[in-house]
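Undergrad: Got coords-v9.cif for you, mmCIF, C-alpha atoms and all ligand atoms:
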data_target
loop_
_atom_site.label_atom_id
_atom_site.label_comp_id
_atom_site.auth_asym_id
_atom_site.auth_seq_id
_atom_site.Cartn_x
_atom_site.Cartn_y
_atom_site.Cartn_z
CA MET A 1 14.46 10.80 5.64
CA LYS A 2 14.39 8.54 8.72
CA VAL A 3 13.95 4.83 8.08
CA LEU A 4 13.49 2.12 10.72
CA VAL A 5 14.41 -1.48 9.78
CA LEU A 6 12.81 -4.18 11.95
CA GLY A 7 14.94 -7.27 12.64
CA GLY A 8 18.46 -8.10 13.66
CA GLY A 9 19.85 -10.84 11.43
CA GLY A 10 21.93 -11.11 8.28
CA ARG A 11 19.00 -10.24 6.03
CA GLU A 12 18.38 -7.02 7.94
CA HIS A 13 22.08 -6.09 7.88
CA ALA A 14 22.02 -6.54 4.08
CA ILE A 15 18.87 -4.35 3.86
CA VAL A 16 20.51 -1.66 6.03
CA ASN A 17 23.64 -1.74 3.83
CA ALA A 18 21.49 -1.35 0.70
CA LEU A 19 19.65 1.61 2.28
CA ALA A 20 23.01 3.17 3.18
CA ARG A 21 23.90 3.08 -0.55
CA SER A 22 20.76 5.11 -1.44
CA PRO A 23 21.62 8.47 -3.07
CA SER A 24 19.11 10.18 -0.74
CA ASP A 25 21.29 9.18 2.22
CA PRO A 26 18.56 8.27 4.74
CA GLU A 27 19.11 8.25 8.48
CA ILE A 28 18.78 4.58 9.41
CA LEU A 29 17.50 3.06 12.65
CA ALA A 30 17.20 -0.66 13.37
CA ALA A 31 15.38 -2.70 16.00
CA PRO A 32 16.85 -4.67 17.58
CA GLY A 33 19.78 -4.56 15.14
CA ASN A 34 23.17 -6.20 15.83
CA PRO A 35 26.82 -5.10 16.14
CA GLY A 36 27.31 -5.08 12.35
CA ILE A 37 24.15 -3.06 11.78
CA ALA A 38 25.27 -0.67 14.53
CA GLU A 39 28.18 0.41 12.31
CA VAL A 40 25.69 1.89 9.81
CA ALA A 41 22.51 2.51 11.81
CA ARG A 42 21.31 3.59 15.25
CA CYS A 43 20.04 0.47 17.02
CA LEU A 44 17.05 0.23 19.36
CA PRO A 45 18.12 -3.03 21.04
CA ASP A 46 15.16 -3.27 23.43
CA LEU A 47 12.39 -2.89 20.87
CA ASP A 48 10.59 -6.17 20.07
CA PRO A 49 9.58 -6.08 16.35
CA THR A 50 6.48 -8.23 17.04
CA ASP A 51 5.15 -5.85 19.70
CA VAL A 52 2.97 -3.74 17.41
CA THR A 53 2.12 -1.06 19.99
CA ALA A 54 5.77 -0.64 20.98
CA VAL A 55 6.89 -0.41 17.32
CA VAL A 56 4.28 2.27 16.56
CA GLU A 57 5.33 4.20 19.65
CA ALA A 58 9.04 3.99 18.82
CA ALA A 59 8.40 5.04 15.21
CA ARG A 60 6.42 8.07 16.44
CA GLU A 61 8.94 9.01 19.09
CA ASN A 62 11.83 8.86 16.62
CA GLU A 63 9.86 10.61 13.85
CA VAL A 64 10.39 7.68 11.50
CA GLU A 65 8.94 8.20 8.02
CA LEU A 66 9.26 4.63 6.72
CA VAL A 67 9.40 1.28 8.52
CA VAL A 68 10.91 -1.66 6.60
CA VAL A 69 9.97 -5.05 8.04
CA GLY A 70 12.59 -7.82 7.71
CA PRO A 71 11.14 -11.00 9.27
CA GLU A 72 7.73 -12.63 8.83
CA ALA A 73 6.59 -12.74 12.46
CA PRO A 74 5.93 -8.97 12.82
CA LEU A 75 4.08 -8.98 9.48
CA VAL A 76 1.81 -11.83 10.55
CA ALA A 77 1.33 -10.05 13.90
CA GLY A 78 -0.02 -7.00 12.01
CA VAL A 79 2.79 -4.49 12.44
CA VAL A 80 2.06 -2.89 9.04
CA ASP A 81 -1.66 -2.56 9.89
CA GLY A 82 -0.72 -0.87 13.18
CA LEU A 83 1.76 1.53 11.58
CA GLU A 84 -0.63 2.48 8.75
CA ALA A 85 -3.43 3.10 11.24
CA ALA A 86 -1.06 5.53 12.98
CA GLY A 87 -0.31 7.24 9.65
CA ILE A 88 3.23 5.84 9.38
CA ARG A 89 4.39 4.41 6.08
CA ALA A 90 5.57 0.79 6.10
CA PHE A 91 7.13 -1.59 3.58
CA GLY A 92 5.57 -5.05 3.81
CA PRO A 93 2.14 -6.70 3.58
CA ARG A 94 -0.66 -6.21 6.11
CA ALA A 95 -1.57 -9.21 8.29
CA GLY A 96 -4.31 -10.39 5.90
CA ALA A 97 -1.93 -10.64 2.95
CA ALA A 98 0.88 -12.00 5.17
CA GLN A 99 -1.29 -15.12 5.59
CA LEU A 100 0.35 -16.27 2.33
CA GLU A 101 3.26 -17.22 4.59
CA GLY A 102 1.39 -17.48 7.90
CA SER A 103 -0.82 -20.33 6.71
CA LYS A 104 0.28 -22.91 4.15
CA ALA A 105 -3.36 -23.99 3.70
CA PHE A 106 -4.31 -20.38 2.85
CA ALA A 107 -1.41 -20.16 0.36
CA LYS A 108 -2.54 -23.39 -1.32
CA LYS A 109 -6.11 -22.13 -1.62
CA VAL A 110 -4.85 -18.90 -3.21
CA MET A 111 -2.63 -20.83 -5.63
CA GLU A 112 -5.52 -23.09 -6.61
CA GLU A 113 -7.92 -20.20 -7.17
CA ALA A 114 -5.33 -18.01 -8.91
CA GLY A 115 -4.17 -20.86 -11.18
CA VAL A 116 -0.56 -21.07 -9.95
CA PRO A 117 1.22 -24.41 -10.57
CA THR A 118 1.94 -26.21 -7.29
CA ALA A 119 2.15 -29.71 -5.79
CA ARG A 120 -1.08 -31.70 -5.27
CA TYR A 121 -2.14 -31.49 -1.61
CA ARG A 122 -4.72 -32.28 1.07
CA VAL A 123 -5.29 -30.63 4.43
CA VAL A 124 -5.93 -32.98 7.38
CA GLY A 125 -6.82 -32.33 11.01
CA ASP A 126 -5.86 -35.67 12.62
CA ALA A 127 -3.76 -38.81 12.17
CA GLU A 128 -6.69 -40.95 10.92
CA ALA A 129 -7.54 -38.53 8.15
CA ALA A 130 -3.84 -38.40 7.23
CA ALA A 131 -3.57 -42.22 7.14
CA ALA A 132 -6.49 -42.42 4.72
CA VAL A 133 -4.76 -40.03 2.29
CA LEU A 134 -1.43 -41.88 2.61
CA ASP A 135 -3.16 -45.22 1.85
CA GLU A 136 -4.50 -43.69 -1.32
CA TRP A 137 -1.33 -41.84 -2.43
CA GLY A 138 1.64 -44.05 -1.42
CA PHE A 139 5.17 -42.62 -0.95
CA PRO A 140 7.25 -40.43 -0.90
CA VAL A 141 5.15 -37.55 0.45
CA VAL A 142 5.85 -34.28 2.24
CA LEU A 143 4.07 -33.36 5.49
CA LYS A 144 3.92 -29.71 6.57
CA ALA A 145 2.60 -27.91 9.65
CA ASP A 146 0.11 -25.25 8.57
CA GLY A 147 1.44 -22.24 10.53
CA LEU A 148 4.77 -20.43 10.94
CA ALA A 149 7.45 -22.89 12.05
CA ALA A 150 10.71 -21.05 11.31
CA GLY A 151 11.46 -23.47 8.46
CA LYS A 152 11.28 -26.53 10.73
CA GLY A 153 7.71 -27.67 10.04
CA VAL A 154 8.38 -29.51 6.76
CA LEU A 155 9.06 -33.26 6.97
CA ILE A 156 9.89 -35.30 3.89
CA CYS A 157 8.67 -38.88 4.30
CA PRO A 158 10.12 -41.58 2.02
CA ASP A 159 7.97 -44.34 3.55
CA ARG A 160 5.20 -45.25 5.99
CA GLU A 161 7.54 -45.43 8.98
CA ALA A 162 8.78 -41.88 8.42
CA ALA A 163 5.21 -40.68 7.90
CA ASP A 164 4.07 -42.30 11.17
CA GLU A 165 6.93 -40.55 12.99
CA ALA A 166 6.02 -37.23 11.36
CA LEU A 167 2.34 -37.62 12.27
CA ALA A 168 3.32 -38.34 15.89
CA ILE A 169 5.36 -35.11 15.92
CA PHE A 170 2.45 -33.10 14.53
CA PHE A 171 -0.54 -34.66 16.28
CA SER A 172 0.70 -36.41 19.49
CA GLU A 173 3.76 -34.40 20.51
CA LYS A 174 2.19 -31.23 19.02
CA ARG A 175 5.67 -29.80 18.43
CA PHE A 176 4.14 -27.05 16.29
CA GLY A 177 1.11 -26.51 18.53
CA GLU A 178 -2.48 -27.17 17.50
CA THR A 179 -2.14 -27.25 13.75
CA GLU A 180 -3.65 -28.69 10.64
CA VAL A 181 -1.23 -30.62 8.45
CA LEU A 182 -0.74 -30.45 4.70
CA ILE A 183 0.07 -33.63 2.84
CA GLU A 184 1.86 -32.79 -0.38
CA GLU A 185 3.04 -34.62 -3.44
CA PHE A 186 6.88 -34.92 -3.40
CA LEU A 187 8.43 -32.87 -6.20
CA GLU A 188 11.85 -33.37 -7.76
CA GLY A 189 14.06 -30.80 -9.46
CA GLU A 190 16.28 -27.82 -8.75
CA GLU A 191 15.03 -25.13 -6.41
CA LEU A 192 14.94 -21.44 -7.28
CA SER A 193 14.14 -18.41 -5.11
CA LEU A 194 12.34 -15.81 -7.17
CA LEU A 195 11.36 -12.65 -5.33
CA ALA A 196 9.27 -9.75 -6.57
CA ILE A 197 8.61 -6.29 -5.19
CA CYS A 198 4.87 -5.58 -5.20
CA ASP A 199 2.72 -2.43 -4.87
CA GLY A 200 -0.69 -4.06 -4.48
CA GLU A 201 -1.26 -4.03 -8.24
CA ARG A 202 1.91 -5.23 -9.90
CA ALA A 203 4.94 -7.40 -9.20
CA ILE A 204 8.43 -6.55 -10.49
CA PRO A 205 10.82 -9.51 -10.19
CA LEU A 206 14.24 -9.21 -8.53
CA ALA A 207 17.30 -11.15 -9.70
CA PRO A 208 16.97 -14.92 -9.19
CA ALA A 209 18.92 -16.68 -6.43
CA ARG A 210 19.53 -20.14 -5.04
CA ASP A 211 20.05 -20.99 -1.39
CA PHE A 212 21.66 -24.01 0.30
CA LYS A 213 19.50 -25.38 3.10
CA ARG A 214 21.41 -28.43 4.40
CA ILE A 215 24.31 -28.14 6.85
CA GLY A 216 26.70 -30.44 4.95
CA ASP A 217 28.53 -30.39 1.62
CA GLY A 218 26.67 -32.16 -1.17
CA ASP A 219 23.32 -31.31 0.48
CA THR A 220 23.75 -33.74 3.36
CA GLY A 221 22.67 -33.56 6.99
CA PRO A 222 19.81 -31.65 8.58
CA ASN A 223 18.11 -28.52 7.26
CA THR A 224 19.32 -25.13 8.52
CA GLY A 225 18.20 -21.53 8.15
CA GLY A 226 20.49 -21.44 5.08
CA MET A 227 24.25 -22.01 4.68
CA GLY A 228 24.87 -19.94 1.57
CA SER A 229 23.43 -18.54 -1.63
CA PHE A 230 24.32 -17.11 -5.01
CA SER A 231 22.83 -14.80 -7.63
CA PRO A 232 22.08 -14.77 -10.53
CA VAL A 233 21.32 -18.41 -11.39
CA PRO A 234 22.83 -19.99 -14.54
CA GLY A 235 20.12 -20.91 -17.03
CA VAL A 236 17.61 -18.41 -15.63
CA ASP A 237 18.14 -15.36 -17.83
CA PRO A 238 16.12 -12.12 -17.49
CA GLY A 239 13.59 -13.30 -20.11
CA GLU A 240 12.97 -16.48 -18.12
CA VAL A 241 12.68 -14.45 -14.89
CA GLY A 242 9.96 -12.35 -16.55
CA ARG A 243 8.07 -15.42 -17.77
CA LEU A 244 8.29 -17.14 -14.38
CA SER A 245 7.11 -14.01 -12.59
CA VAL A 246 4.01 -13.86 -14.81
CA GLU A 247 3.24 -17.44 -13.75
CA VAL A 248 4.01 -17.27 -10.02
CA HIS A 249 3.77 -13.63 -8.84
CA ARG A 250 1.26 -11.81 -11.01
CA PRO A 251 -1.71 -14.17 -10.49
CA VAL A 252 -1.27 -13.93 -6.70
CA VAL A 253 -1.03 -10.13 -6.71
CA ASP A 254 -4.16 -9.95 -8.92
CA TYR A 255 -6.01 -12.44 -6.73
CA MET A 256 -5.12 -10.69 -3.46
CA ALA A 257 -6.22 -7.34 -4.92
CA SER A 258 -9.54 -8.87 -5.97
CA THR A 259 -10.18 -10.07 -2.40
CA GLY A 260 -9.51 -6.64 -0.88
CA GLU A 261 -6.17 -7.68 0.65
CA PRO A 262 -3.71 -6.09 -1.80
CA PHE A 263 -0.16 -7.41 -1.53
CA HIS A 264 2.53 -4.82 -0.83
CA GLY A 265 6.14 -5.72 -0.12
CA ILE A 266 8.29 -8.67 -1.14
CA LEU A 267 6.56 -11.76 -2.49
CA TYR A 268 9.06 -14.62 -2.36
CA ALA A 269 8.20 -17.65 -4.47
CA GLY A 270 10.12 -20.80 -3.55
CA LEU A 271 10.07 -22.78 -6.79
CA MET A 272 10.87 -26.36 -7.76
CA MET A 273 11.88 -26.55 -11.42
CA THR A 274 10.36 -29.96 -12.21
CA GLY A 275 10.28 -31.91 -15.47
CA GLY A 276 6.66 -30.73 -15.74
CA GLY A 277 7.57 -27.05 -15.40
CA PRO A 278 8.02 -24.73 -12.43
CA LYS A 279 5.91 -25.39 -9.33
CA VAL A 280 5.58 -23.20 -6.24
CA LEU A 281 6.70 -24.93 -3.03
CA GLU A 282 5.83 -21.99 -0.81
CA TYR A 283 5.37 -18.26 -0.60
CA ASN A 284 7.16 -16.06 1.87
CA VAL A 285 6.07 -12.47 2.38
CA ARG A 286 9.53 -10.96 2.99
CA PHE A 287 13.09 -11.08 1.73
CA GLY A 288 14.82 -14.49 1.88
CA ASP A 289 17.71 -15.17 4.22
CA PRO A 290 20.48 -15.69 2.98
CA GLU A 291 19.33 -14.90 -0.61
CA THR A 292 19.06 -11.18 0.22
CA GLN A 293 22.75 -11.09 1.13
CA ALA A 294 23.60 -12.16 -2.47
CA VAL A 295 20.84 -10.24 -4.29
CA LEU A 296 20.93 -6.74 -2.76
CA PRO A 297 24.66 -6.02 -3.33
CA ARG A 298 23.85 -6.44 -7.06
CA LEU A 299 20.88 -4.03 -7.01
CA SER A 300 21.78 -0.84 -8.87
CA SER A 301 18.39 0.90 -8.41
CA ASP A 302 17.71 3.06 -5.33
CA ILE A 303 16.17 0.68 -2.78
CA LEU A 304 14.67 3.51 -0.72
CA GLU A 305 12.74 4.80 -3.74
CA LEU A 306 11.48 1.27 -4.44
CA PHE A 307 10.37 0.73 -0.82
CA LEU A 308 8.51 4.05 -0.81
CA ALA A 309 6.88 3.38 -4.18
CA ALA A 310 5.79 -0.15 -3.22
CA SER A 311 4.08 1.11 -0.08
CA GLU A 312 1.64 3.16 -2.23
CA PRO A 313 -1.20 1.51 -4.23
CA GLY A 314 0.18 1.16 -7.77
CA GLY A 315 3.21 3.24 -6.76
CA LEU A 316 5.73 1.17 -8.72
CA GLU A 317 4.32 2.27 -12.09
CA GLY A 318 7.28 3.25 -14.25
CA SER A 319 9.84 2.03 -11.70
CA GLU A 320 12.80 0.04 -12.88
CA VAL A 321 14.52 -2.62 -10.79
CA ALA A 322 18.03 -2.96 -12.23
CA PHE A 323 20.93 -5.22 -11.26
CA SER A 324 24.64 -5.10 -12.06
CA ASP A 325 26.20 -7.83 -14.22
CA ASP A 326 28.28 -8.95 -11.24
CA TRP A 327 27.92 -12.37 -9.69
CA ALA A 328 27.46 -12.65 -5.95
CA VAL A 329 28.25 -15.62 -3.72
CA THR A 330 27.35 -15.66 -0.01
CA VAL A 331 29.00 -18.06 2.44
CA VAL A 332 27.48 -18.48 5.91
CA LEU A 333 29.70 -19.09 8.94
CA ALA A 334 27.86 -20.97 11.69
CA SER A 335 28.81 -21.63 15.30
CA ALA A 336 29.67 -24.97 16.91
CA GLY A 337 26.73 -27.33 17.30
CA TYR A 338 24.51 -25.67 14.67
CA PRO A 339 21.77 -26.51 13.66
CA GLU A 340 20.91 -28.70 16.69
CA SER A 341 22.30 -26.09 19.08
CA SER A 342 24.59 -23.08 18.88
CA SER A 343 27.53 -21.60 20.71
CA SER A 344 27.77 -18.08 22.10
CA GLY A 345 30.57 -15.91 23.45
CA ASP A 346 33.40 -17.17 21.22
CA PRO A 347 35.62 -14.22 20.14
CA ILE A 348 35.76 -13.56 16.39
CA THR A 349 38.94 -12.39 14.63
CA GLY A 350 39.78 -11.31 11.07
CA LEU A 351 36.68 -9.19 10.37
CA GLU A 352 38.66 -6.22 9.01
CA GLU A 353 40.71 -8.42 6.70
CA ALA A 354 37.51 -10.08 5.45
CA ALA A 355 35.87 -6.70 4.77
CA VAL A 356 38.56 -5.91 2.19
CA LEU A 357 37.53 -8.96 0.17
CA ALA A 358 33.77 -9.23 0.71
CA GLU A 359 30.66 -7.61 2.18
CA VAL A 360 30.68 -8.75 5.81
CA VAL A 361 27.19 -9.14 7.20
CA HIS A 362 26.48 -9.93 10.85
CA ALA A 363 23.76 -12.49 11.58
CA GLY A 364 24.39 -13.79 15.12
CA THR A 365 27.05 -11.70 16.83
CA ALA A 366 27.28 -9.66 20.04
CA LEU A 367 29.72 -7.17 21.53
CA GLU A 368 31.36 -8.21 24.80
CA ASP A 369 33.79 -5.68 26.29
CA GLY A 370 34.38 -4.24 22.83
CA VAL A 371 35.07 -7.65 21.27
CA VAL A 372 32.76 -9.15 18.62
CA VAL A 373 31.71 -12.64 19.74
CA THR A 374 29.40 -15.35 18.43
CA SER A 375 25.78 -15.16 19.53
CA GLY A 376 23.58 -17.70 17.78
CA GLY A 377 23.68 -20.40 15.13
CA ARG A 378 24.39 -18.46 11.96
CA VAL A 379 27.08 -15.94 12.88
CA LEU A 380 28.34 -14.13 9.77
CA ASN A 381 27.63 -13.99 6.04
CA LEU A 382 30.38 -13.14 3.55
CA THR A 383 29.35 -11.99 0.09
CA GLY A 384 31.97 -11.96 -2.64
CA LEU A 385 31.23 -10.03 -5.84
CA GLY A 386 32.97 -10.42 -9.18
CA PRO A 387 32.61 -10.29 -12.95
CA ASP A 388 32.38 -14.09 -13.06
CA ILE A 389 31.21 -16.70 -10.60
CA ALA A 390 34.73 -18.06 -9.95
CA THR A 391 35.96 -14.62 -8.81
CA ALA A 392 32.89 -14.00 -6.63
CA ARG A 393 33.30 -17.41 -5.08
CA ARG A 394 37.02 -17.00 -4.44
CA ARG A 395 36.46 -13.63 -2.73
CA ALA A 396 33.70 -15.04 -0.50
CA TYR A 397 35.82 -18.03 0.52
CA ASP A 398 39.02 -16.00 1.01
CA ALA A 399 37.02 -13.69 3.31
CA ALA A 400 35.53 -16.71 5.09
CA GLU A 401 39.01 -18.15 5.66
CA ALA A 402 40.17 -14.83 7.13
CA VAL A 403 37.50 -14.98 9.84
CA GLN A 404 38.22 -17.30 12.76
CA PHE A 405 36.31 -18.38 15.85
CA GLU A 406 36.11 -21.54 17.94
CA GLY A 407 34.06 -24.28 16.25
CA ARG A 408 33.41 -22.29 13.05
CA GLN A 409 31.38 -24.28 10.50
CA MET A 410 30.81 -23.59 6.80
CA ARG A 411 29.99 -25.45 3.63
CA SER A 412 32.79 -25.61 1.09
CA ASP A 413 30.56 -26.16 -1.96
CA ILE A 414 28.47 -22.98 -2.19
CA ALA A 415 28.14 -22.13 -5.91
CA ALA A 416 30.67 -24.88 -6.72
CA GLY A 417 30.80 -26.49 -10.15
CA LEU A 418 29.20 -23.51 -11.92
CA GLU A 419 32.37 -22.07 -13.47
CA GLY A 420 31.98 -21.68 -17.22
CA THR A 421 28.24 -21.13 -16.97
CA ASP A 422 28.55 -17.33 -17.08
CA GLY A 423 26.83 -15.23 -19.68
CA GLU A 424 23.37 -16.64 -19.00
P1 LIG A 501 8.93 -24.96 2.44
O1 LIG A 501 9.15 -24.32 3.80
O2 LIG A 501 7.52 -25.31 2.15
O3 LIG A 501 9.63 -24.25 1.31
O4 LIG A 501 9.77 -26.31 2.52
C1 LIG A 501 11.14 -26.31 2.91
C2 LIG A 501 11.93 -27.18 1.96
O5 LIG A 501 11.37 -28.50 1.93
C3 LIG A 501 11.89 -26.71 0.52
O6 LIG A 501 12.81 -25.71 0.25
C4 LIG A 501 12.19 -28.00 -0.21
O7 LIG A 501 13.59 -28.28 -0.16
C5 LIG A 501 11.46 -29.04 0.63
N1 LIG A 501 10.10 -29.26 0.09
C6 LIG A 501 8.97 -28.60 0.45
N2 LIG A 501 7.90 -29.05 -0.23
C7 LIG A 501 8.34 -30.03 -1.05
C8 LIG A 501 7.73 -30.88 -2.01
N3 LIG A 501 6.42 -30.83 -2.26
N4 LIG A 501 8.52 -31.76 -2.66
C9 LIG A 501 9.85 -31.83 -2.41
N5 LIG A 501 10.49 -31.07 -1.51
C10 LIG A 501 9.76 -30.17 -0.84
N1 LIG A 502 16.04 -18.87 2.37
C1 LIG A 502 14.78 -19.33 2.77
C2 LIG A 502 13.96 -18.36 3.49
O1 LIG A 502 14.32 -17.21 3.67
O2 LIG A 502 12.87 -18.73 3.90
#
Re-express the file's structure as structure tokens.
Ligand code: AMP
Ligand code: GLY

TA:
Amino acid sequence: MKVLVLGGGGREHAIVNALARSPSDPEILAAPGNPGIAEVARCLPDLDPTDVTAVVEAARENEVELVVVGPEAPLVAGVVDGLEAAGIRAFGPRAGAAQLEGSKAFAKKVMEEAGVPTARYRVVGDAEAAAAVLDEWGFPVVLKADGLAAGKGVLICPDREAADEALAIFFSEKRFGETEVLIEEFLEGEELSLLAICDGERAIPLAPARDFKRIGDGDTGPNTGGMGSFSPVPGVDPGEVGRLSVEVHRPVVDYMASTGEPFHGILYAGLMMTGGGPKVLEYNVRFGDPETQAVLPRLSSDILELFLAASEPGGLEGSEVAFSDDWAVTVVLASAGYPESSSSGDPITGLEEAAVLAEVVHAGTALEDGVVVTSGGRVLNLTGLGPDIATARRRAYDAAEAVQFEGRQMRSDIAAGLEGTDGE
């Protein structure tokens, strides 16, 4: 079977690696792919995943039987709708259901109507309306741009001054374009990424994961696309995963089905585990990055079978999603200047040595005259596996140390302080 994976980052490399482990040994294509993906798949470097017509054409031309969509932008742009209309199977939600990520206001409305626990919120269209809500609520609050903002549209405001700055960014500078703004109650607790694979009728949860969003150790400095992750999560055993999924995935899948927009693909619930129980911070409609890099190496079920089943209405009936007992820790290596800027063209050494210790996933690399060089903010992801978290962590960090390039940045505290919490 021929499978095309859309995207070219670390998440997509991890998906391609998981597909390569499938017993049915699919032929894998990727667009645009990257030098790491090119070791396992045939890349179509000039194909833009958000260009629906071009994707449909390329899938037809290459006789692709299944398209797996990595990032959110092609989903929101309707790539699954286009492929299905052309009779090509795709894994991921159609544009209507992808609005769960494409519009935060839509997601909040769904949560409210489906009875999913989430932070109190208001939607405002201008600074005056926002000021009236802030006068009533006080601080801290969280302000969010409504549409897709590549993780940058969320501003946490401890006081009025910060809120005024945030409102200027949203409504005067219009950094995120013409957008409505959500004002949200600030929630405290530990975050958890809980993903489920959905077939329009049911949601089967994957193993839980945690990601590290800030650039600096101890969760300091600005937010990034993610500096590391681990799976599973101490304290969140399979029974708890099942209970959480019934609260945060199932009602949404049922609700979407009832509105005629059934949800197929990965439903990612970003949770805050508050004193008052779990609350959904956001939904994403695709695999998380870098959670996928820690979760998929632990998957023992055939991912190709699951993708095919989930693309059919009710197709997951009787499917099992099983994970090994291993722990996985993923460390992200970023280039100089990240997250404000990034550095490209720096030669990378030590990749072969690292591959002996860990799964080496390419996120932002390029090939220049046969040499792998940096090309973007997040460059490589190293996933260590082991029977306990200390071993997984040591392997990831030993692999990370083996890889060298100018200005390399990483956090040293991914999955730190969790030793002795195994067996959960
Ligand atoms: P989101 O893109 O909505 O998940 O927000 C990005 C990050 O902002 C989350 O992972 C949290 O760390 C933080 N965040 C979002 N909403 C809230 C909230 N209501 N309270 C506290 N932190 C939040
Ligand atoms: N790890 C956060 C995300 O994928 O959105």

Undergrad: Which residues are close to A:Leu47, i.e. within 6 Å by all atoms listed in the file, leaving aside same-chain residues fewer than 3 positions away? Reply as a CSV table (one decimal) with C-alpha atoms, in the coordinates of the input.

TA:
chain,number,residue,atom,x,y,z
A,31,ALA,CA,15.4,-2.7,16.0
A,32,PRO,CA,16.8,-4.7,17.6
A,44,LEU,CA,17.0,0.2,19.4

Undergrad: What residues have an atom no more than 9 Å from (29.3, -16.3, 3.4) in the file's own frame, counting only C-alpha atoms, and can you write them as JSON, numbers by chain?

TA: {"A": [227, 228, 229, 290, 293, 329, 330, 331, 332, 333, 358, 359, 360, 361, 380, 381, 382, 383, 384, 396, 397, 399, 400, 410, 414]}

Undergrad: I'd like the interatomic distance between atom CA of A:Leu148 and atom CA of A:Ala95, to a tenth of an Å.

TA: 13.2 Å

Undergrad: Name the closest residue to A:Leu134 among the candidates A:Ala336, A:Ala207, A:Cys157, A:Ala309; distances are taken between atoms, counting all atoms listed in the file.

TA: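 Among the listed residues, A:Cys157 lies closest to A:Leu134.
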
Undergrad: Using only C-alpha atoms and all ligand atoms, which protein or nucleic acid residues are at most 6 Å from ligand LIG 502 (chain A), as a list in words?

TA: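 Using only C-alpha atoms and all ligand atoms, I find these residues within 6 Å of ligand LIG 502 (chain A): Asp211, Gly226, Gly288, Asp289, Pro290 and Glu291 of chain A.
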
Undergrad: Okay, now the selection with C-alpha atoms, as a PDB file, in the frame of the given file?

TA:
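Listed below is the output, again-v4.pdb:
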ATOM      1  CA  ASP A 211      20.050 -20.990  -1.390  1.00  0.00           C
ATOM      2  CA  GLY A 226      20.490 -21.440   5.080  1.00  0.00           C
ATOM      3  CA  GLY A 288      14.820 -14.490   1.880  1.00  0.00           C
ATOM      4  CA  ASP A 289      17.710 -15.170   4.220  1.00  0.00           C
ATOM      5  CA  PRO A 290      20.480 -15.690   2.980  1.00  0.00           C
ATOM      6  CA  GLU A 291      19.330 -14.900  -0.610  1.00  0.00           C
TER       7      GLU A 291
END

Undergrad: Taking only C-alpha atoms into account, name the residue in A:Gly277, A:Gly386, A:Pro251, A:Gly138 that is nearest to A:Phe230.

TA: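 When distances to A:Phe230 are compared using only C-alpha atoms, the smallest one comes from A:Gly386.
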
Undergrad: Which of these residues is nearest to ligand LIG 501 (chain A), using only C-alpha atoms and all ligand atoms: A:Asp326, A:Glu63, A:Asp413, A:Asp146?

TA: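 Smallest distance to ligand LIG 501 (chain A) is found for A:Asp146.
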
Undergrad: Could you build a table of the residues in stretch 139-213 of chain A lying no more than 12 Å from stretch 299-307 of chain A, giving for each the nearest pair of atoms and their separation in Å rounded to one decimal place, using all atoms listed in the file, ordered by chain and ascending residue number, as JSON lines?

TA:
{"residue": "A:Ala196", "atom": "CA", "partner": "A:Leu306", "partner_atom": "CA", "distance": 11.4}
{"residue": "A:Ile197", "atom": "CA", "partner": "A:Leu306", "partner_atom": "CA", "distance": 8.1}
{"residue": "A:Cys198", "atom": "CA", "partner": "A:Phe307", "partner_atom": "CA", "distance": 9.4}
{"residue": "A:Asp199", "atom": "CA", "partner": "A:Phe307", "partner_atom": "CA", "distance": 9.2}
{"residue": "A:Ala203", "atom": "CA", "partner": "A:Leu306", "partner_atom": "CA", "distance": 11.9}
{"residue": "A:Ile204", "atom": "CA", "partner": "A:Leu306", "partner_atom": "CA", "distance": 10.3}
{"residue": "A:Pro205", "atom": "CA", "partner": "A:Leu299", "partner_atom": "CA", "distance": 11.9}
{"residue": "A:Leu206", "atom": "CA", "partner": "A:Leu299", "partner_atom": "CA", "distance": 8.6}
{"residue": "A:Ala207", "atom": "CA", "partner": "A:Leu299", "partner_atom": "CA", "distance": 8.4}
{"residue": "A:Pro208", "atom": "CA", "partner": "A:Leu299", "partner_atom": "CA", "distance": 11.8}

Undergrad: Within 8 Å of ligand LIG 501 (chain A), counting only C-alpha atoms and all ligand atoms, which protein or nucleic acid residues do you find, written as an MDAnalysis selection string?

TA: chainID A and resid 104 119 141:142 144 151:156 184:188 191 213 270 272 281:283

Undergrad: Excluding A:Val79 and its own-chain neighbours fewer than 2 positions away, which residues fall within 12 Å of it when counting only C-alpha atoms? Please give them as a PyMOL selection string.

TA: chain A and resi 6+48-57+59+67-77+81-86+88-96+98

Undergrad: Quick one: pull the distance between atom CA of A:Val280 and atom CA of A:Thr118, Å, one decimal.

TA: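 That distance, rounded to one decimal, is 4.8 Å.
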
Undergrad: If you count all atoms listed in the file, which residues fall within 10 Å of A:Pro278, apart from same-chain ones fewer than 5 positions away, as a list of chain:residue names?

TA: A:Val116, A:Pro117, A:Thr118, A:Gly189, A:Glu190, A:Glu191, A:Leu192, A:Leu244, A:Glu247, A:Val248, A:Gly270, A:Leu271, A:Met272, A:Met273

Undergrad: Could you please determine the separation between atom CA of A:Asp217 and atom CA of A:Ser412 in Å, to one decimal place?

TA: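 Going from atom CA of A:Asp217 over to atom CA of A:Ser412, I get 6.4 Å.
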
Undergrad: Quick one: of A:Pro347, A:Gly420, A:Gly218, A:Gly376, who's nearest to A:Phe405, counting only C-alpha atoms?

TA: A:Pro347
